[in-house]
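Colleague: Got a structure for you, written out below as structure tokens; questions coming shortly.
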Amino acid sequence: MNDLASFSSLLSAEGQALLDDVRDITPGQELAVATRLRRDHPADLVSAAIAQARLRQRAAAKFGEADARRMYFTANGVEQATRTSVATHRAQEFKALGVRSVADLCCGIGGDAIALARAGISVLAVDRDPLTCEVARANAQALGLDGLIEVREADVTEVDTEPYDAVFVDPARRGGGKGGGRIFDPEAYSPPLSWAVGAALGARHAALKIAPGIPHEAIPDAADAEWISDGGDVKEAVLWFGTEPGRMRATLLPGPRALTGRGLPDPEVRSVGRYLYEPDGAVIRAHLVADVAEEVAGGLIDETIAYVTSDTLRATPYATAYEITDRLPFNVKKLKALLREREVGILTVKKRGSAVEPEELRRKALPKRHGPNAVTVFLTRVAGAPTMLLGSPAHPATGGAGS
Ligand SMILES: C[S@@+](CC[C@H](N)C(=O)[O-])C[C@H]1O[C@@H](n2cnc3c(N)ncnc32)[C@H](O)[C@@H]1O
């Protein structure tokens, strides 16, 4: 049975019953369960149901347990899909622009299409891969959104997007070969970024999802660039068109908390103060460290490092504050002695501008007899010199800073 036939069989009554049966299967149970089920069901169908159950379990981290259990996935599809938190935020942005219909070009298994439809937007969801289209269709139906999502199997470069209020493109950013590594060159995306920018410029509104590491020089002048993190992890960057050209912003989820750049010059470098602020990754990628530094009345510890230091403790959603207790040149023996003296048992290692492996340092520096105390060590550079800053999270009273 090919992949498409095997997926279609999962949608039959027998396939659905099998999916229910294997829903909570653990890897250790697979062999025994498969052997039992194969007595009464085709072996192909049993394998497809078990593989789908595994994908659903993996997808729960992105889509939440309740949706993931009803949805369908392919291995690539779950890997490349936009998580619900991010897709929902984007759908709300489209909605706020007054968009009522979107051509979702490169829809995959439908991560974005689903969020758009749930925001009440009607979606043309296009993908060139037949199995992926079937899965997207099944997802729209499983979630009761098939009235708002039309799935079309086509090459996106051949789709007329004129009838839609907006275009969204989420190009494939993985190589096709075995292992399918990430692609860093935007022109190697499928379709290439230059095609997507052309499509965006021809639309009333558009958003293009891109890798967060995109060099700022590659961002077109007409774009409004947004970097998004969720729970402190940077997830993606988006180029918006038809909004505010040249805008740079960081969006932190949950929230959202949105920081918009004001074109501030780089912050001054200053001596390490009582507090160290670690900006959120989206803030760093959006080059908005200066905005955070201004908010906390701080400066940089080094001109090449995105740590902000200040003598003032201020609440900000855009950075995590630490109170610094010690500053010393990088030296594992000294660190070990200090941790022993302070009876440290929990060591969090953070680094910027250091090649040291955190795990290795933890192994070497933590005392054999673990004490009750916790410390964070920052491995970094101060005025060019490899430095260790020790401290612990500081908890400013909230309410002082706005979004
Ligand atoms: C990153 S995934 C999209 C994920 C989707 N936004 C989601 O949240 O589920 C990219 C998709 O683009 C499709 N694709 C790549 N090039 C295409 C093209 N020229 N035409 C149509 N689809 C294409 C791939 O088949 C893949 O499913």
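Residue names in the structure tokens use chain letters A, B, ... in the order shown, residue numbers from 1 in each chain, and ligand numbers from 1 in the order shown.
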Would you mind listing what lies within 6 Å of Ser101 (chain A) as a list in words, with only C-alpha atoms counted and same-chain residues fewer than 6 positions away left out?

Modeller: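 Within the cut-off, the hits are Ile121, Ser122, Val123, Tyr164 and Asp165 of chain A.
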
Colleague: Can you work out which residues are within 10 Å of ligand 1, considering only C-alpha atoms and all ligand atoms, and then hand them over as number ranges by chain?

Modeller: A: 73-74, 76-84, 86-87, 104-115, 125-133, 136, 152-159, 168-174, 189-192, 195, 209-210

Colleague: Extract, using only C-alpha atoms, all DNA, RNA and protein residues at most 12 Å from Val197 (chain A), discarding same-chain residues fewer than 3 positions from it, and format them as a VMD selection string.

Modeller: chain A and resid 167 to 171 186 to 187 191 to 194 200 to 203 205 to 210 218 to 223 238 to 242

Colleague: Let me see the file: selected residues, C-alpha atoms, as a compact mmCIF listing (two decimals), in the first residue's frame.

Modeller:
```
# COMPACT_ATOMS: atom_id res chain seq x y z
CA VAL A 167 -1.36 35.88 1.19
CA PHE A 168 0.54 33.80 3.71
CA VAL A 169 3.62 31.83 2.66
CA ASP A 170 5.43 29.33 4.84
CA PRO A 171 8.06 27.88 2.50
CA PRO A 186 16.45 31.89 1.81
CA GLU A 187 16.86 31.36 -1.94
CA PRO A 191 9.52 28.28 -3.06
CA PRO A 192 12.50 30.69 -2.83
CA LEU A 193 12.09 33.79 -0.65
CA SER A 194 12.39 36.09 -3.68
CA ALA A 200 3.58 39.42 -1.12
CA LEU A 201 4.18 42.71 -2.94
CA GLY A 202 1.32 41.89 -5.29
CA ALA A 203 -1.14 41.29 -2.44
CA HIS A 205 -1.64 42.15 2.87
CA ALA A 206 0.90 39.37 3.24
CA ALA A 207 3.00 37.52 5.77
CA LEU A 208 5.98 35.32 5.00
CA LYS A 209 7.32 32.95 7.63
CA ILE A 210 11.11 32.73 7.60
CA ALA A 218 18.21 40.21 3.54
CA ILE A 219 14.99 41.85 4.79
CA PRO A 220 13.28 43.83 2.00
CA ASP A 221 12.71 47.56 2.70
CA ALA A 222 8.96 47.12 2.23
CA ALA A 223 8.74 44.53 5.01
CA VAL A 238 7.66 36.83 9.87
CA LEU A 239 7.86 39.46 7.17
CA TRP A 240 4.62 41.42 6.96
CA PHE A 241 3.69 43.46 3.92
CA GLY A 242 0.94 46.05 3.70
```

Colleague: Within region 177-322 of chain A, find each residue whose DSSP state, derived from the backbone, is helix (DSSP H, G or I), and express the selection as a PyMOL selection string.

Modeller: chain A and resi 186-188+193-201+216-218+281-285+289-295

Colleague: For Arg23 (chain A), please output as a list in words all residues within 9 Å (counting only C-alpha atoms; exclusion window: fewer than 5 positions along the same chain).

Modeller: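 So, after excluding close chain neighbours, the residues are Leu18, Ala49, Ile50, Gln52, Ala53, Arg54, Arg56, Gln57 and Arg69 of chain A.
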
Colleague: Between CA of Ala34 (chain A) and CA of Ser6 (chain A), what is the distance, to one decimal in Å?

Modeller: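 Separating CA of Ala34 (chain A) from CA of Ser6 (chain A) is a distance of 16.1 Å.
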
Colleague: If we count only C-alpha atoms, what is near region 343-360 of chain A at a cut-off of 8 Å, once residues fewer than 3 positions away on the same chain are taken out, given as number ranges by chain?

Modeller: A: 305-306, 339-340, 363-364, 366-367, 369-381, 386

Colleague: Can those selected residues be exported to a file as a tab-separated table (two decimals), in the first residue's frame so that it contains N, CA and C atoms?

Modeller:
```
chain	number	residue	atom	x	y	z
A	305	ILE	N	28.33	41.60	23.05
A	305	ILE	CA	27.51	40.63	23.81
A	305	ILE	C	26.17	41.24	24.18
A	306	ALA	N	25.10	40.43	23.97
A	306	ALA	CA	23.75	40.95	24.22
A	306	ALA	C	23.30	40.73	25.67
A	339	LEU	N	31.83	27.27	44.50
A	339	LEU	CA	30.57	26.52	44.61
A	339	LEU	C	30.59	25.64	45.86
A	340	ARG	N	31.78	25.11	46.18
A	340	ARG	CA	31.91	24.27	47.39
A	340	ARG	C	31.66	25.15	48.62
A	363	ARG	N	29.63	19.37	35.07
A	363	ARG	CA	30.23	18.12	35.57
A	363	ARG	C	31.53	18.41	36.32
A	364	LYS	N	32.33	19.30	35.73
A	364	LYS	CA	33.65	19.56	36.32
A	364	LYS	C	33.56	20.42	37.58
A	366	LEU	N	30.70	21.27	39.65
A	366	LEU	CA	29.79	21.04	40.78
A	366	LEU	C	30.47	20.15	41.82
A	367	PRO	N	30.42	20.53	43.08
A	367	PRO	CA	31.04	19.70	44.12
A	367	PRO	C	30.40	18.31	44.18
A	369	ARG	N	29.73	16.56	46.84
A	369	ARG	CA	28.63	16.58	47.82
A	369	ARG	C	27.75	17.79	47.54
A	370	HIS	N	26.60	17.52	46.96
A	370	HIS	CA	25.72	18.61	46.54
A	370	HIS	C	25.14	19.34	47.74
A	371	GLY	N	25.30	20.64	47.76
A	371	GLY	CA	24.69	21.44	48.82
A	371	GLY	C	23.27	21.84	48.46
A	372	PRO	N	22.62	22.62	49.31
A	372	PRO	CA	21.21	22.95	49.09
A	372	PRO	C	21.00	24.19	48.19
A	373	ASN	N	22.07	24.91	47.87
A	373	ASN	CA	21.89	26.22	47.22
A	373	ASN	C	21.96	26.16	45.69
A	374	ALA	N	21.33	27.16	45.05
A	374	ALA	CA	21.32	27.24	43.58
A	374	ALA	C	22.04	28.51	43.13
A	375	VAL	N	22.79	28.38	42.04
A	375	VAL	CA	23.51	29.54	41.50
A	375	VAL	C	23.42	29.50	39.97
A	376	THR	N	23.40	30.67	39.36
A	376	THR	CA	23.50	30.75	37.89
A	376	THR	C	24.86	31.34	37.56
A	377	VAL	N	25.56	30.69	36.64
A	377	VAL	CA	26.83	31.27	36.19
A	377	VAL	C	26.68	31.66	34.72
A	378	PHE	N	27.10	32.87	34.42
A	378	PHE	CA	27.11	33.36	33.04
A	378	PHE	C	28.54	33.28	32.53
A	379	LEU	N	28.74	32.54	31.45
A	379	LEU	CA	30.06	32.49	30.83
A	379	LEU	C	30.01	33.47	29.68
A	380	THR	N	30.85	34.48	29.76
A	380	THR	CA	30.73	35.52	28.75
A	380	THR	C	32.03	36.29	28.61
A	381	ARG	N	31.95	37.42	27.96
A	381	ARG	CA	33.13	38.28	27.84
A	381	ARG	C	32.78	39.63	28.42
A	386	PRO	N	37.38	36.65	28.78
A	386	PRO	CA	36.48	35.58	29.21
A	386	PRO	C	36.20	35.70	30.71
```

Colleague: Go ahead and compute the interatomic distance for CA of Arg249 (chain A) and CA of Asp224 (chain A), in Å to one decimal.

Modeller: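 Those two atoms sit 8.0 Å apart.
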
Colleague: Quote the spacing between CA of Ala315 (chain A) and CA of Val289 (chain A) in Å to one decimal place.

Modeller: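 Between CA of Ala315 (chain A) and CA of Val289 (chain A) the gap works out to 15.3 Å.
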
Colleague: Which residues are near Glu294 (chain A)? Cut-off 12 Å, only C-alpha atoms, ignore same chain within fewer than 3 positions. Put them as a ChimeraX atom specification.

Modeller: /A:261-262,264-268,277,288-291,297-300,308-310,312,314,316,318,401

Colleague: Which is closer to Leu390 (chain A) than all the others in A:His216, A:Arg327, A:Lys333, A:Arg362, using only C-alpha atoms?

Modeller: A:Arg327

Colleague: For Ala211 (chain A), work out the shell of residues within 8 Å, counting only C-alpha atoms and skipping chain neighbours fewer than 5 positions away, then give it as a list in words.

Modeller: Phe184, Glu236 and Ala237 of chain A
